[in-house]
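Below is the file query02.cif, which contains mmCIF, C-alpha atoms (C1' of nucleotides).
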data_query
loop_
_atom_site.group_PDB
_atom_site.id
_atom_site.type_symbol
_atom_site.label_atom_id
_atom_site.label_comp_id
_atom_site.auth_asym_id
_atom_site.auth_seq_id
_atom_site.Cartn_x
_atom_site.Cartn_y
_atom_site.Cartn_z
ATOM 1 C CA MET H 598 0.000 0.000 0.000
ATOM 2 C CA LYS H 599 2.882 2.339 0.800
ATOM 3 C CA TYR H 600 5.134 3.335 -2.073
ATOM 4 C CA SER H 601 7.616 5.751 -0.687
ATOM 5 C CA THR H 602 10.412 6.965 -2.937
ATOM 6 C CA ILE H 603 12.573 7.606 0.084
ATOM 7 C CA CYS H 604 15.727 5.662 0.969
ATOM 8 C CA PRO H 605 14.887 2.694 3.199
ATOM 9 C CA LYS H 606 17.793 3.348 5.546
ATOM 10 C CA PHE H 607 16.700 6.905 6.024
ATOM 11 C CA GLU H 608 13.139 5.758 6.549
ATOM 12 C CA LYS H 609 14.308 3.333 9.178
ATOM 13 C CA ALA H 610 16.152 6.080 11.040
ATOM 14 C CA ILE H 611 13.175 8.414 10.805
ATOM 15 C CA SER H 612 10.773 5.757 12.005
ATOM 16 C CA LEU H 613 13.034 5.218 14.980
ATOM 17 C CA LEU H 614 12.958 8.889 15.914
ATOM 18 C CA SER H 615 9.258 9.051 15.129
ATOM 19 C CA GLN H 616 8.468 6.772 18.005
ATOM 20 C CA ARG H 617 7.425 8.822 20.954
ATOM 21 C CA TRP H 618 10.190 9.144 23.601
ATOM 22 C CA THR H 619 12.968 7.505 21.605
ATOM 23 C CA GLY H 620 14.731 10.785 20.926
ATOM 24 C CA LEU H 621 14.500 11.901 24.522
ATOM 25 C CA VAL H 622 15.774 8.580 25.828
ATOM 26 C CA ILE H 623 18.823 8.715 23.573
ATOM 27 C CA TYR H 624 19.362 12.358 24.489
ATOM 28 C CA GLN H 625 19.246 11.454 28.148
ATOM 29 C CA LEU H 626 21.693 8.582 27.696
ATOM 30 C CA LEU H 627 24.106 10.920 25.937
ATOM 31 C CA LEU H 628 24.646 12.375 29.412
ATOM 32 C CA GLY H 629 26.073 9.013 30.447
ATOM 33 C CA THR H 630 25.171 5.587 31.757
ATOM 34 C CA GLN H 631 21.907 5.586 33.644
ATOM 35 C CA ARG H 632 19.561 3.321 35.502
ATOM 36 C CA PHE H 633 15.972 2.616 34.631
ATOM 37 C CA SER H 634 14.432 4.865 37.250
ATOM 38 C CA GLU H 635 16.827 7.717 36.465
ATOM 39 C CA ILE H 636 15.809 7.750 32.840
ATOM 40 C CA GLN H 637 12.205 7.410 33.835
ATOM 41 C CA SER H 638 12.152 10.439 36.099
ATOM 42 C CA ALA H 639 14.421 12.565 33.926
ATOM 43 C CA VAL H 640 12.374 12.028 30.802
ATOM 44 C CA GLY H 641 8.937 11.727 32.393
ATOM 45 C CA ILE H 642 7.965 8.497 30.712
ATOM 46 C CA SER H 643 5.941 5.597 32.083
ATOM 47 C CA GLY H 644 7.677 2.394 33.103
ATOM 48 C CA LYS H 645 5.789 0.451 30.520
ATOM 49 C CA VAL H 646 6.793 2.568 27.550
ATOM 50 C CA LEU H 647 10.366 3.048 28.772
ATOM 51 C CA SER H 648 10.652 -0.711 29.051
ATOM 52 C CA ASP H 649 9.415 -1.094 25.476
ATOM 53 C CA ARG H 650 11.759 1.573 24.161
ATOM 54 C CA LEU H 651 14.818 0.205 25.885
ATOM 55 C CA LYS H 652 14.151 -3.295 24.586
ATOM 56 C CA ASP H 653 13.717 -1.880 21.145
ATOM 57 C CA LEU H 654 16.844 0.240 21.280
ATOM 58 C CA GLU H 655 18.801 -2.673 22.688
ATOM 59 C CA SER H 656 17.658 -4.989 19.920
ATOM 60 C CA GLN H 657 18.804 -2.414 17.392
ATOM 61 C CA GLY H 658 22.226 -2.138 18.942
ATOM 62 C CA ILE H 659 21.757 1.440 20.060
ATOM 63 C CA VAL H 660 21.586 0.809 23.785
ATOM 64 C CA LYS H 661 23.563 -1.602 25.956
ATOM 65 C CA ARG H 662 22.006 -3.152 29.065
ATOM 66 C CA GLU H 663 24.164 -4.373 31.931
ATOM 67 C CA VAL H 664 22.931 -6.296 34.951
ATOM 68 C CA PHE H 665 24.676 -6.132 38.334
ATOM 69 C CA PRO H 666 23.139 -8.740 40.614
ATOM 70 C CA GLU H 667 23.391 -6.710 43.786
ATOM 71 C CA THR H 668 20.434 -6.281 46.057
ATOM 72 C CA PRO H 669 18.339 -4.596 44.971
ATOM 73 C CA VAL H 670 19.475 -5.360 41.453
ATOM 74 C CA ILE H 671 21.228 -2.638 39.489
ATOM 75 C CA ILE H 672 20.680 -2.400 35.777
ATOM 76 C CA GLU H 673 22.631 0.124 33.804
ATOM 77 C CA TYR H 674 21.764 1.439 30.389
ATOM 78 C CA SER H 675 24.260 3.122 28.136
ATOM 79 C CA LEU H 676 24.687 3.998 24.491
ATOM 80 C CA THR H 677 26.687 1.858 22.123
ATOM 81 C CA GLU H 678 28.858 3.427 19.448
ATOM 82 C CA LYS H 679 25.859 3.376 17.150
ATOM 83 C CA GLY H 680 23.881 5.162 19.822
ATOM 84 C CA HIS H 681 26.568 7.775 20.455
ATOM 85 C CA ALA H 682 26.637 8.445 16.748
ATOM 86 C CA MET H 683 23.175 9.932 17.194
ATOM 87 C CA ALA H 684 24.675 12.869 19.078
ATOM 88 C CA PRO H 685 24.919 15.185 16.042
ATOM 89 C CA VAL H 686 21.259 14.575 15.254
ATOM 90 C CA LEU H 687 20.167 15.537 18.745
ATOM 91 C CA LYS H 688 22.576 18.453 18.689
ATOM 92 C CA GLU H 689 20.957 19.818 15.532
ATOM 93 C CA ILE H 690 17.488 19.400 16.975
ATOM 94 C CA GLU H 691 18.622 21.312 20.037
ATOM 95 C CA ASN H 692 20.141 23.979 17.871
ATOM 96 C CA TRP H 693 16.967 24.357 15.814
ATOM 97 C CA SER H 694 14.813 24.491 18.908
ATOM 98 C CA GLN H 695 16.899 27.274 20.444
ATOM 99 C CA HIS H 696 16.661 29.354 17.292
ATOM 100 C CA TRP H 697 13.098 28.711 16.257
ATOM 101 C CA VAL H 698 10.886 27.588 19.108
ATOM 102 C CA THR H 699 9.480 30.583 20.975
ATOM 103 C CA SER H 700 8.884 30.288 24.680
ATOM 104 C CA GLU H 701 5.127 30.750 24.092
ATOM 105 C CA GLU H 702 4.924 27.654 21.947
ATOM 106 C CA ASP H 703 7.201 25.390 23.921
ATOM 107 C CA ALA H 704 5.978 22.234 25.592
ATOM 108 C CA SER H 705 6.073 23.416 29.200
ATOM 109 C CA HIS H 706 2.283 23.626 29.433
ATOM 110 C CA GLU H 707 2.239 19.881 28.855
ATOM 111 C CA LEU H 708 3.836 19.367 32.243
ATOM 112 C CA ASP H 709 0.734 20.256 34.283
ATOM 113 C CA MET O 773 2.592 13.801 36.399
ATOM 114 C CA LYS O 774 5.484 14.431 34.035
ATOM 115 C CA TYR O 775 8.541 16.146 35.502
ATOM 116 C CA SER O 776 11.119 16.229 32.798
ATOM 117 C CA THR O 777 14.364 18.048 33.477
ATOM 118 C CA ILE O 778 14.784 18.704 29.778
ATOM 119 C CA CYS O 779 14.590 22.144 28.120
ATOM 120 C CA PRO O 780 11.011 22.894 27.046
ATOM 121 C CA LYS O 781 12.094 24.215 23.656
ATOM 122 C CA PHE O 782 14.030 21.080 22.955
ATOM 123 C CA GLU O 783 11.108 18.986 24.137
ATOM 124 C CA LYS O 784 8.830 20.848 21.769
ATOM 125 C CA ALA O 785 11.137 20.166 18.849
ATOM 126 C CA ILE O 786 11.479 16.518 19.784
ATOM 127 C CA SER O 787 7.737 16.107 20.186
ATOM 128 C CA LEU O 788 7.335 17.557 16.711
ATOM 129 C CA LEU O 789 9.709 15.033 15.197
ATOM 130 C CA SER O 790 8.247 12.278 17.330
ATOM 131 C CA GLN O 791 4.985 12.535 15.513
ATOM 132 C CA ARG O 792 4.848 9.878 12.876
ATOM 133 C CA TRP O 793 5.426 11.256 9.356
ATOM 134 C CA THR O 794 6.399 14.787 10.353
ATOM 135 C CA GLY O 795 10.066 14.249 9.602
ATOM 136 C CA LEU O 796 9.389 12.648 6.249
ATOM 137 C CA VAL O 797 6.988 15.407 5.233
ATOM 138 C CA ILE O 798 9.548 18.100 6.025
ATOM 139 C CA TYR O 799 12.239 16.062 4.271
ATOM 140 C CA GLN O 800 10.053 15.799 1.204
ATOM 141 C CA LEU O 801 9.317 19.526 1.202
ATOM 142 C CA LEU O 802 13.028 20.265 1.371
ATOM 143 C CA LEU O 803 13.032 19.098 -2.250
ATOM 144 C CA GLY O 804 10.808 22.041 -3.088
ATOM 145 C CA THR O 805 7.206 23.200 -3.231
ATOM 146 C CA GLN O 806 4.782 20.349 -3.639
ATOM 147 C CA ARG O 807 1.105 19.592 -3.912
ATOM 148 C CA PHE O 808 -0.916 17.448 -1.564
ATOM 149 C CA SER O 809 -1.021 14.377 -3.745
ATOM 150 C CA GLU O 810 2.683 14.613 -4.579
ATOM 151 C CA ILE O 811 3.619 14.546 -0.914
ATOM 152 C CA GLN O 812 1.116 11.794 -0.319
ATOM 153 C CA SER O 813 2.513 9.440 -2.920
ATOM 154 C CA ALA O 814 6.162 10.302 -2.281
ATOM 155 C CA VAL O 815 5.917 9.695 1.433
ATOM 156 C CA GLY O 816 3.303 6.948 1.415
ATOM 157 C CA ILE O 817 1.007 8.553 3.948
ATOM 158 C CA SER O 818 -2.782 8.515 4.107
ATOM 159 C CA GLY O 819 -4.744 11.617 3.140
ATOM 160 C CA LYS O 820 -6.152 11.869 6.593
ATOM 161 C CA VAL O 821 -2.856 11.942 8.433
ATOM 162 C CA LEU O 822 -1.159 14.123 5.821
ATOM 163 C CA SER O 823 -3.989 16.591 6.187
ATOM 164 C CA ASP O 824 -3.505 16.610 9.962
ATOM 165 C CA ARG O 825 0.260 17.010 9.707
ATOM 166 C CA LEU O 826 0.113 19.841 7.206
ATOM 167 C CA LYS O 827 -2.390 21.766 9.334
ATOM 168 C CA ASP O 828 -0.166 21.250 12.312
ATOM 169 C CA LEU O 829 2.999 22.278 10.532
ATOM 170 C CA GLU O 830 1.239 25.295 9.060
ATOM 171 C CA SER O 831 -0.006 26.403 12.467
ATOM 172 C CA GLN O 832 3.542 26.185 13.761
ATOM 173 C CA GLY O 833 4.898 28.306 10.958
ATOM 174 C CA ILE O 834 6.934 25.508 9.443
ATOM 175 C CA VAL O 835 4.882 25.021 6.288
ATOM 176 C CA LYS O 836 3.215 27.584 4.030
ATOM 177 C CA ARG O 837 -0.017 26.737 2.175
ATOM 178 C CA GLU O 838 -0.965 28.568 -1.013
ATOM 179 C CA VAL O 839 -4.267 28.230 -2.855
ATOM 180 C CA PHE O 840 -4.569 28.768 -6.619
ATOM 181 C CA PRO O 841 -8.257 28.783 -7.562
ATOM 182 C CA GLU O 842 -7.805 27.105 -10.926
ATOM 183 C CA THR O 843 -9.875 24.127 -11.943
ATOM 184 C CA PRO O 844 -9.268 21.733 -10.428
ATOM 185 C CA VAL O 845 -7.909 23.741 -7.541
ATOM 186 C CA ILE O 846 -4.167 23.762 -6.970
ATOM 187 C CA ILE O 847 -2.792 23.935 -3.471
ATOM 188 C CA GLU O 848 0.923 24.247 -2.975
ATOM 189 C CA TYR O 849 2.836 23.458 0.157
ATOM 190 C CA SER O 850 6.297 24.763 0.873
ATOM 191 C CA LEU O 851 8.628 25.282 3.799
ATOM 192 C CA THR O 852 8.969 28.602 5.559
ATOM 193 C CA GLU O 853 12.336 29.822 6.782
ATOM 194 C CA LYS O 854 11.662 28.004 10.042
ATOM 195 C CA GLY O 855 10.947 24.874 8.066
ATOM 196 C CA HIS O 856 14.064 25.178 5.923
ATOM 197 C CA ALA O 857 16.090 25.550 9.091
ATOM 198 C CA MET O 858 15.247 21.901 9.775
ATOM 199 C CA ALA O 859 17.517 20.857 6.902
ATOM 200 C CA PRO O 860 20.593 20.188 9.076
ATOM 201 C CA VAL O 861 18.546 17.958 11.362
ATOM 202 C CA LEU O 862 17.337 15.833 8.472
ATOM 203 C CA LYS O 863 20.814 15.856 7.002
ATOM 204 C CA GLU O 864 22.262 14.411 10.201
ATOM 205 C CA ILE O 865 19.579 11.752 10.357
ATOM 206 C CA GLU O 866 20.397 10.823 6.782
ATOM 207 C CA ASN O 867 24.066 10.748 7.599
ATOM 208 C CA TRP O 868 23.539 8.512 10.624
ATOM 209 C CA SER O 869 21.302 6.188 8.664
ATOM 210 C CA GLN O 870 23.883 5.743 5.915
ATOM 211 C CA HIS O 871 26.585 4.887 8.413
ATOM 212 C CA TRP O 872 24.660 2.789 10.888
ATOM 213 C CA VAL O 873 21.539 1.246 9.408
ATOM 214 C CA THR O 874 22.329 -2.029 7.693
ATOM 215 C CA SER O 875 20.332 -3.027 4.666
ATOM 216 C CA GLU O 876 18.983 -6.060 6.559
ATOM 217 C CA GLU O 877 17.364 -3.904 9.197
ATOM 218 C CA ASP O 878 16.060 -1.130 6.982
ATOM 219 C CA ALA O 879 12.382 -0.428 6.580
ATOM 220 C CA SER O 880 11.895 -1.806 3.078
ATOM 221 C CA HIS O 881 10.023 -4.865 4.327
ATOM 222 C CA GLU O 882 7.360 -2.467 5.530
ATOM 223 C CA LEU O 883 6.532 -1.637 1.924
ATOM 224 C CA ASP O 884 4.812 -4.940 1.120
ATOM 225 C "C1'" DA E 979 -28.317 15.946 -20.044
ATOM 226 C "C1'" DT E 980 -25.766 12.636 -17.598
ATOM 227 C "C1'" DA E 981 -21.806 10.425 -16.169
ATOM 228 C "C1'" DA E 982 -16.959 10.428 -15.354
ATOM 229 C "C1'" DT E 983 -12.723 12.977 -13.905
ATOM 230 C "C1'" DC E 984 -9.893 16.049 -11.248
ATOM 231 C "C1'" DT E 985 -7.853 17.862 -6.567
ATOM 232 C "C1'" DA E 986 -7.776 18.216 -1.884
ATOM 233 C "C1'" DG E 987 -9.431 16.842 1.369
ATOM 234 C "C1'" DT E 988 -13.285 14.608 5.174
ATOM 235 C "C1'" DT E 989 -15.930 10.920 7.505
ATOM 236 C "C1'" DA E 990 -16.859 6.623 9.818
ATOM 237 C "C1'" DC E 991 -14.817 2.749 11.433
ATOM 238 C "C1'" DT E 992 -10.830 -0.485 12.835
ATOM 239 C "C1'" DT E 993 -6.382 -1.319 14.621
ATOM 240 C "C1'" DT E 994 -2.299 0.066 17.019
ATOM 241 C "C1'" DA E 995 0.189 2.865 20.340
ATOM 242 C "C1'" DT E 996 0.443 5.105 24.528
ATOM 243 C "C1'" DG E 997 -0.999 6.415 29.336
ATOM 244 C "C1'" DT E 998 -2.387 4.935 34.160
ATOM 245 C "C1'" DA E 999 -2.271 2.589 38.158
ATOM 246 C "C1'" DA E 1000 -1.887 -1.601 40.545
ATOM 247 C "C1'" DC E 1001 0.941 -5.433 41.090
ATOM 248 C "C1'" DC E 1002 5.256 -8.886 41.307
ATOM 249 C "C1'" DA E 1003 9.865 -11.190 42.620
ATOM 250 C "C1'" DA E 1004 13.871 -11.186 45.182
ATOM 251 C "C1'" DC E 1005 16.243 -9.530 48.740
ATOM 252 C "C1'" DT E 1006 17.234 -6.390 52.985
ATOM 253 C "C1'" DA E 1007 16.326 -3.692 56.925
ATOM 254 C "C1'" DT E 1008 13.448 -3.048 61.066
ATOM 255 C "C1'" DA I 93 6.323 -10.304 60.035
ATOM 256 C "C1'" DT I 94 6.185 -5.948 57.530
ATOM 257 C "C1'" DA I 95 7.812 -2.415 54.802
ATOM 258 C "C1'" DG I 96 11.113 -0.752 51.421
ATOM 259 C "C1'" DT I 97 14.065 -1.386 47.333
ATOM 260 C "C1'" DT I 98 14.657 -1.963 41.874
ATOM 261 C "C1'" DG I 99 13.162 -3.019 37.504
ATOM 262 C "C1'" DG I 100 9.978 -4.176 35.594
ATOM 263 C "C1'" DT I 101 4.772 -6.510 34.037
ATOM 264 C "C1'" DT I 102 -0.277 -6.690 33.780
ATOM 265 C "C1'" DA I 103 -4.920 -5.206 32.848
ATOM 266 C "C1'" DC I 104 -7.542 -1.678 31.409
ATOM 267 C "C1'" DA I 105 -8.636 3.191 29.265
ATOM 268 C "C1'" DT I 106 -7.692 6.658 25.970
ATOM 269 C "C1'" DA I 107 -5.490 8.679 22.024
ATOM 270 C "C1'" DA I 108 -3.368 8.326 17.545
ATOM 271 C "C1'" DA I 109 -3.011 6.281 13.068
ATOM 272 C "C1'" DG I 110 -4.589 3.211 9.116
ATOM 273 C "C1'" DT I 111 -8.323 2.095 5.606
ATOM 274 C "C1'" DA I 112 -11.635 2.817 2.422
ATOM 275 C "C1'" DA I 113 -15.512 5.175 0.953
ATOM 276 C "C1'" DC I 114 -17.196 9.647 0.159
ATOM 277 C "C1'" DT I 115 -17.623 14.987 -0.823
ATOM 278 C "C1'" DA I 116 -17.458 19.777 -3.388
ATOM 279 C "C1'" DG I 117 -16.992 22.404 -7.297
ATOM 280 C "C1'" DA I 118 -15.697 22.710 -11.625
ATOM 281 C "C1'" DT I 119 -14.555 20.464 -16.273
ATOM 282 C "C1'" DT I 120 -14.749 17.163 -19.838
ATOM 283 C "C1'" DA I 121 -16.482 13.096 -22.228
ATOM 284 C "C1'" DT I 122 -20.560 10.346 -24.033
#
Represent the structure contained in this file as C-alpha cells.
Amino acid sequence: MKYSTICPKFEKAISLLSQRWTGLVIYQLLLGTQRFSEIQSAVGISGKVLSDRLKDLESQGIVKREVFPETPVIIEYSLTEKGHAMAPVLKEIENWSQHWVTSEEDASHELD
Amino acid sequence: MKYSTICPKFEKAISLLSQRWTGLVIYQLLLGTQRFSEIQSAVGISGKVLSDRLKDLESQGIVKREVFPETPVIIEYSLTEKGHAMAPVLKEIENWSQHWVTSEEDASHELD
DNA sequence: ATAATCTAGTTACTTTATGTAACCAACTAT
DNA sequence: ATAGTTGGTTACATAAAGTAACTAGATTAT
C-alpha cells in the first residue's frame, strides 16, 4: 500500500525517531550511563513505555544493558557506538529548537 | 505527572519530530514546493494523516499553504524559513542512517 | 443531459500505540 | 512479620493512526 520513494535506511532512522520518547531517551543517555528509574524520572515516561523503548533500542544495537546482581538489582543502560553516533542529530534538533521555538509555543504547558 | 528536566524548547522540537510522518513530510518539502497528492505518494502517507500534519505544521509556521483557484484547484505546500532551518537535522539523520543502518534492518520490508 | 474525472481533502470505522495505576519477585532492613 | 528497594509486568482506558468510501466544485467526455 505504501510506495515511498525515500531511501529505506533513512526511513528506518526516521521511524526510529518518530516513536514517541525515543529521541528523549537517547538524548538522556548521551549524558552518560543511567539506571531505569533515572531515565524514567528525567524524561517523564511511564515504566511500561520506557521498558518497550529500551528493549527496542537494545535490539537495534543502540543501547547496551548491563545487569549487576546486587540487592536490589542494578541495571545500567548506556549507548553503544551506534547510539553515540546519534549525538549530532540531537545536537541539531537542540540547535533548531533554540533558534526557532518561541517560549510561548514550547511544551512546558504539557507538564501540568 | 510528568517532571522532565529537559529544556522545554528542545522537548517541543522533539515532540514535533516524534509525531509519525512529520520528519518525512519536512524532508520531502526540502526538495521544493509540492502539492498534496505529490507529498502523499512520495511519502506513502494517508490523506487523513497528511492533512492533519500539514495543518499542524502550518499552524507552527513551518509550512506555508498557497491556494490557486484554478480548476481543479491547486494547493501548494512549501517550507517557511523556520521549516528550511530543519535541513541540518534531516541531514544528520540521513548521515547517521547511511553509516549505521544495515540493509537487513532497513524499513523496506514495511513496503509490502 | 448525464456520467466520469480532477484535486484536496473529510468521515466513519478499525487497529495500534500510549498512558495509568496496581501489582510482582527477590532480597534487605526493622 | 512488615515495609522498602529496583526493575519491571499486567490489565484496562484513551489517544493516535490506518483504511476505504465519500464529498465539493468545476470540467470534460458520451
On this structure, which residues satisfy the PyMOL selection byres ((chain I and resi 99-106) around 12), written as number ranges by chain? H: 632-635, 637, 643-649, 651-652, 664-666, 668-673; E: 995-1004; I: 97-98, 107-108
Fit chain H to chain O: least squares, all C-alpha atoms, paired in order; write the output as a short mmCIF file (atom, residue, chain, number, x, y, z; two decimals) with C-alpha atoms, in the coordinates of the input.
data_model
loop_
_atom_site.label_atom_id
_atom_site.label_comp_id
_atom_site.auth_asym_id
_atom_site.auth_seq_id
_atom_site.Cartn_x
_atom_site.Cartn_y
_atom_site.Cartn_z
CA MET H 598 2.54 13.85 36.32
CA LYS H 599 5.49 14.43 34.00
CA TYR H 600 8.54 16.10 35.49
CA SER H 601 11.11 16.21 32.79
CA THR H 602 14.36 18.03 33.46
CA ILE H 603 14.77 18.68 29.77
CA CYS H 604 14.57 22.10 28.11
CA PRO H 605 11.00 22.86 27.03
CA LYS H 606 12.07 24.20 23.65
CA PHE H 607 14.02 21.07 22.95
CA GLU H 608 11.10 18.97 24.11
CA LYS H 609 8.82 20.84 21.77
CA ALA H 610 11.13 20.17 18.83
CA ILE H 611 11.46 16.51 19.75
CA SER H 612 7.73 16.09 20.15
CA LEU H 613 7.31 17.55 16.70
CA LEU H 614 9.69 15.04 15.16
CA SER H 615 8.21 12.28 17.30
CA GLN H 616 4.94 12.52 15.48
CA ARG H 617 4.79 9.87 12.85
CA TRP H 618 5.42 11.25 9.31
CA THR H 619 6.39 14.77 10.33
CA GLY H 620 10.06 14.21 9.59
CA LEU H 621 9.37 12.63 6.24
CA VAL H 622 6.99 15.40 5.22
CA ILE H 623 9.56 18.08 6.01
CA TYR H 624 12.24 16.05 4.25
CA GLN H 625 10.05 15.80 1.20
CA LEU H 626 9.31 19.52 1.20
CA LEU H 627 13.02 20.26 1.36
CA LEU H 628 13.03 19.08 -2.26
CA GLY H 629 10.81 22.04 -3.08
CA THR H 630 7.22 23.22 -3.22
CA GLN H 631 4.79 20.36 -3.62
CA ARG H 632 1.12 19.61 -3.91
CA PHE H 633 -0.92 17.49 -1.57
CA SER H 634 -1.04 14.41 -3.76
CA GLU H 635 2.67 14.62 -4.57
CA ILE H 636 3.60 14.55 -0.92
CA GLN H 637 1.09 11.82 -0.32
CA SER H 638 2.47 9.46 -2.93
CA ALA H 639 6.12 10.30 -2.30
CA VAL H 640 5.89 9.69 1.42
CA GLY H 641 3.26 6.95 1.41
CA ILE H 642 0.97 8.55 3.94
CA SER H 643 -2.82 8.53 4.09
CA GLY H 644 -4.76 11.63 3.12
CA LYS H 645 -6.19 11.91 6.57
CA VAL H 646 -2.89 11.95 8.42
CA LEU H 647 -1.17 14.13 5.81
CA SER H 648 -3.99 16.62 6.19
CA ASP H 649 -3.51 16.62 9.96
CA ARG H 650 0.25 17.02 9.69
CA LEU H 651 0.11 19.84 7.20
CA LYS H 652 -2.38 21.76 9.33
CA ASP H 653 -0.17 21.24 12.30
CA LEU H 654 3.00 22.28 10.53
CA GLU H 655 1.24 25.29 9.07
CA SER H 656 -0.02 26.40 12.46
CA GLN H 657 3.53 26.18 13.76
CA GLY H 658 4.89 28.30 10.96
CA ILE H 659 6.93 25.51 9.44
CA VAL H 660 4.89 25.03 6.29
CA LYS H 661 3.22 27.59 4.04
CA ARG H 662 0.01 26.75 2.17
CA GLU H 663 -0.94 28.58 -1.01
CA VAL H 664 -4.23 28.23 -2.85
CA PHE H 665 -4.54 28.79 -6.61
CA PRO H 666 -8.22 28.78 -7.53
CA GLU H 667 -7.80 27.09 -10.87
CA THR H 668 -9.90 24.12 -11.83
CA PRO H 669 -9.27 21.70 -10.36
CA VAL H 670 -7.87 23.74 -7.50
CA ILE H 671 -4.12 23.77 -6.97
CA ILE H 672 -2.76 23.95 -3.47
CA GLU H 673 0.95 24.26 -2.97
CA TYR H 674 2.85 23.47 0.17
CA SER H 675 6.31 24.77 0.87
CA LEU H 676 8.63 25.27 3.80
CA THR H 677 8.97 28.59 5.56
CA GLU H 678 12.34 29.80 6.79
CA LYS H 679 11.67 28.01 10.04
CA GLY H 680 10.95 24.87 8.08
CA HIS H 681 14.07 25.17 5.93
CA ALA H 682 16.08 25.54 9.09
CA MET H 683 15.25 21.90 9.77
CA ALA H 684 17.51 20.85 6.90
CA PRO H 685 20.59 20.20 9.07
CA VAL H 686 18.55 17.96 11.35
CA LEU H 687 17.34 15.84 8.46
CA LYS H 688 20.82 15.87 6.98
CA GLU H 689 22.27 14.43 10.18
CA ILE H 690 19.60 11.76 10.34
CA GLU H 691 20.42 10.83 6.77
CA ASN H 692 24.09 10.77 7.58
CA TRP H 693 23.55 8.53 10.61
CA SER H 694 21.32 6.19 8.66
CA GLN H 695 23.91 5.75 5.90
CA HIS H 696 26.61 4.91 8.41
CA TRP H 697 24.69 2.81 10.88
CA VAL H 698 21.57 1.25 9.42
CA THR H 699 22.38 -2.04 7.71
CA SER H 700 20.39 -3.05 4.68
CA GLU H 701 19.03 -6.07 6.60
CA GLU H 702 17.42 -3.88 9.22
CA ASP H 703 16.10 -1.14 6.99
CA ALA H 704 12.41 -0.45 6.60
CA SER H 705 11.93 -1.83 3.10
CA HIS H 706 10.04 -4.88 4.34
CA GLU H 707 7.40 -2.48 5.62
CA LEU H 708 6.49 -1.62 2.05
CA ASP H 709 4.76 -4.94 1.27
#
Residue members of the PyMOL selection byres ((chain H and resi 616) around 12) in the file shown, as number ranges by chain: H: 609-615, 617-623, 646-647, 649-650, 653-654; O: 786-795; E: 995-996; I: 108
Based on the selection just made, write C-alpha atoms (C1' of nucleotides) of those residues as a compact mmCIF listing (two decimals), in the frame of the given file.
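Final file, part39.txt:
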# COMPACT_ATOMS: atom_id res chain seq x y z
CA LYS H 609 14.31 3.33 9.18
CA ALA H 610 16.15 6.08 11.04
CA ILE H 611 13.18 8.41 10.80
CA SER H 612 10.77 5.76 12.00
CA LEU H 613 13.03 5.22 14.98
CA LEU H 614 12.96 8.89 15.91
CA SER H 615 9.26 9.05 15.13
CA ARG H 617 7.42 8.82 20.95
CA TRP H 618 10.19 9.14 23.60
CA THR H 619 12.97 7.50 21.60
CA GLY H 620 14.73 10.78 20.93
CA LEU H 621 14.50 11.90 24.52
CA VAL H 622 15.77 8.58 25.83
CA ILE H 623 18.82 8.72 23.57
CA VAL H 646 6.79 2.57 27.55
CA LEU H 647 10.37 3.05 28.77
CA ASP H 649 9.41 -1.09 25.48
CA ARG H 650 11.76 1.57 24.16
CA ASP H 653 13.72 -1.88 21.14
CA LEU H 654 16.84 0.24 21.28
CA ILE O 786 11.48 16.52 19.78
CA SER O 787 7.74 16.11 20.19
CA LEU O 788 7.34 17.56 16.71
CA LEU O 789 9.71 15.03 15.20
CA SER O 790 8.25 12.28 17.33
CA GLN O 791 4.99 12.54 15.51
CA ARG O 792 4.85 9.88 12.88
CA TRP O 793 5.43 11.26 9.36
CA THR O 794 6.40 14.79 10.35
CA GLY O 795 10.07 14.25 9.60
C1' DA E 995 0.19 2.86 20.34
C1' DT E 996 0.44 5.11 24.53
C1' DA I 108 -3.37 8.33 17.55
If you apply the PyMOL selection byres ((chain I) within 8 of (chain O)) to this file, what residues do you get, as a PDB file with C-alpha atoms (C1' of nucleotides), keeping the file's coordinate frame?
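Once written, out33.pdb looks like this:
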ATOM      1  C1'  DA I 109      -3.011   6.281  13.068  1.00  0.00           C
ATOM      2  C1'  DG I 110      -4.589   3.211   9.116  1.00  0.00           C
ATOM      3  C1'  DA I 118     -15.697  22.710 -11.625  1.00  0.00           C
ATOM      4  C1'  DT I 119     -14.555  20.464 -16.273  1.00  0.00           C
TER       5       DT I 119
END
Ranking O:Val835, O:Cys779, O:Leu851, O:Leu801 by minimum distance to chain H and counting all atoms listed in the file, which one comes first?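 Of O:Val835, O:Cys779, O:Leu851, O:Leu801, the one nearest chain H is O:Cys779, counting all atoms listed in the file.
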Atoms added to region 688-695 of chain H (N, CA and C atoms), reported as a short mmCIF file (atom, residue, chain, number, x, y, z; two decimals), in the frame of the given file:
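Contents of rebuild-v5.cif, freshly written:
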data_model
loop_
_atom_site.label_atom_id
_atom_site.label_comp_id
_atom_site.auth_asym_id
_atom_site.auth_seq_id
_atom_site.Cartn_x
_atom_site.Cartn_y
_atom_site.Cartn_z
N LYS H 688 21.97 17.12 18.61
CA LYS H 688 22.58 18.45 18.69
C LYS H 688 21.90 19.42 17.72
N GLU H 689 21.61 18.94 16.52
CA GLU H 689 20.96 19.82 15.53
C GLU H 689 19.51 20.12 15.91
N ILE H 690 18.85 19.15 16.52
CA ILE H 690 17.49 19.40 16.98
C ILE H 690 17.51 20.47 18.07
N GLU H 691 18.47 20.34 18.96
CA GLU H 691 18.62 21.31 20.04
C GLU H 691 18.89 22.70 19.46
N ASN H 692 19.78 22.73 18.52
CA ASN H 692 20.14 23.98 17.87
C ASN H 692 18.92 24.63 17.21
N TRP H 693 18.17 23.84 16.46
CA TRP H 693 16.97 24.36 15.81
C TRP H 693 15.98 24.88 16.85
N SER H 694 15.80 24.11 17.90
CA SER H 694 14.81 24.49 18.91
C SER H 694 15.19 25.82 19.58
N GLN H 695 16.48 26.02 19.81
CA GLN H 695 16.90 27.27 20.44
C GLN H 695 16.68 28.48 19.52
#
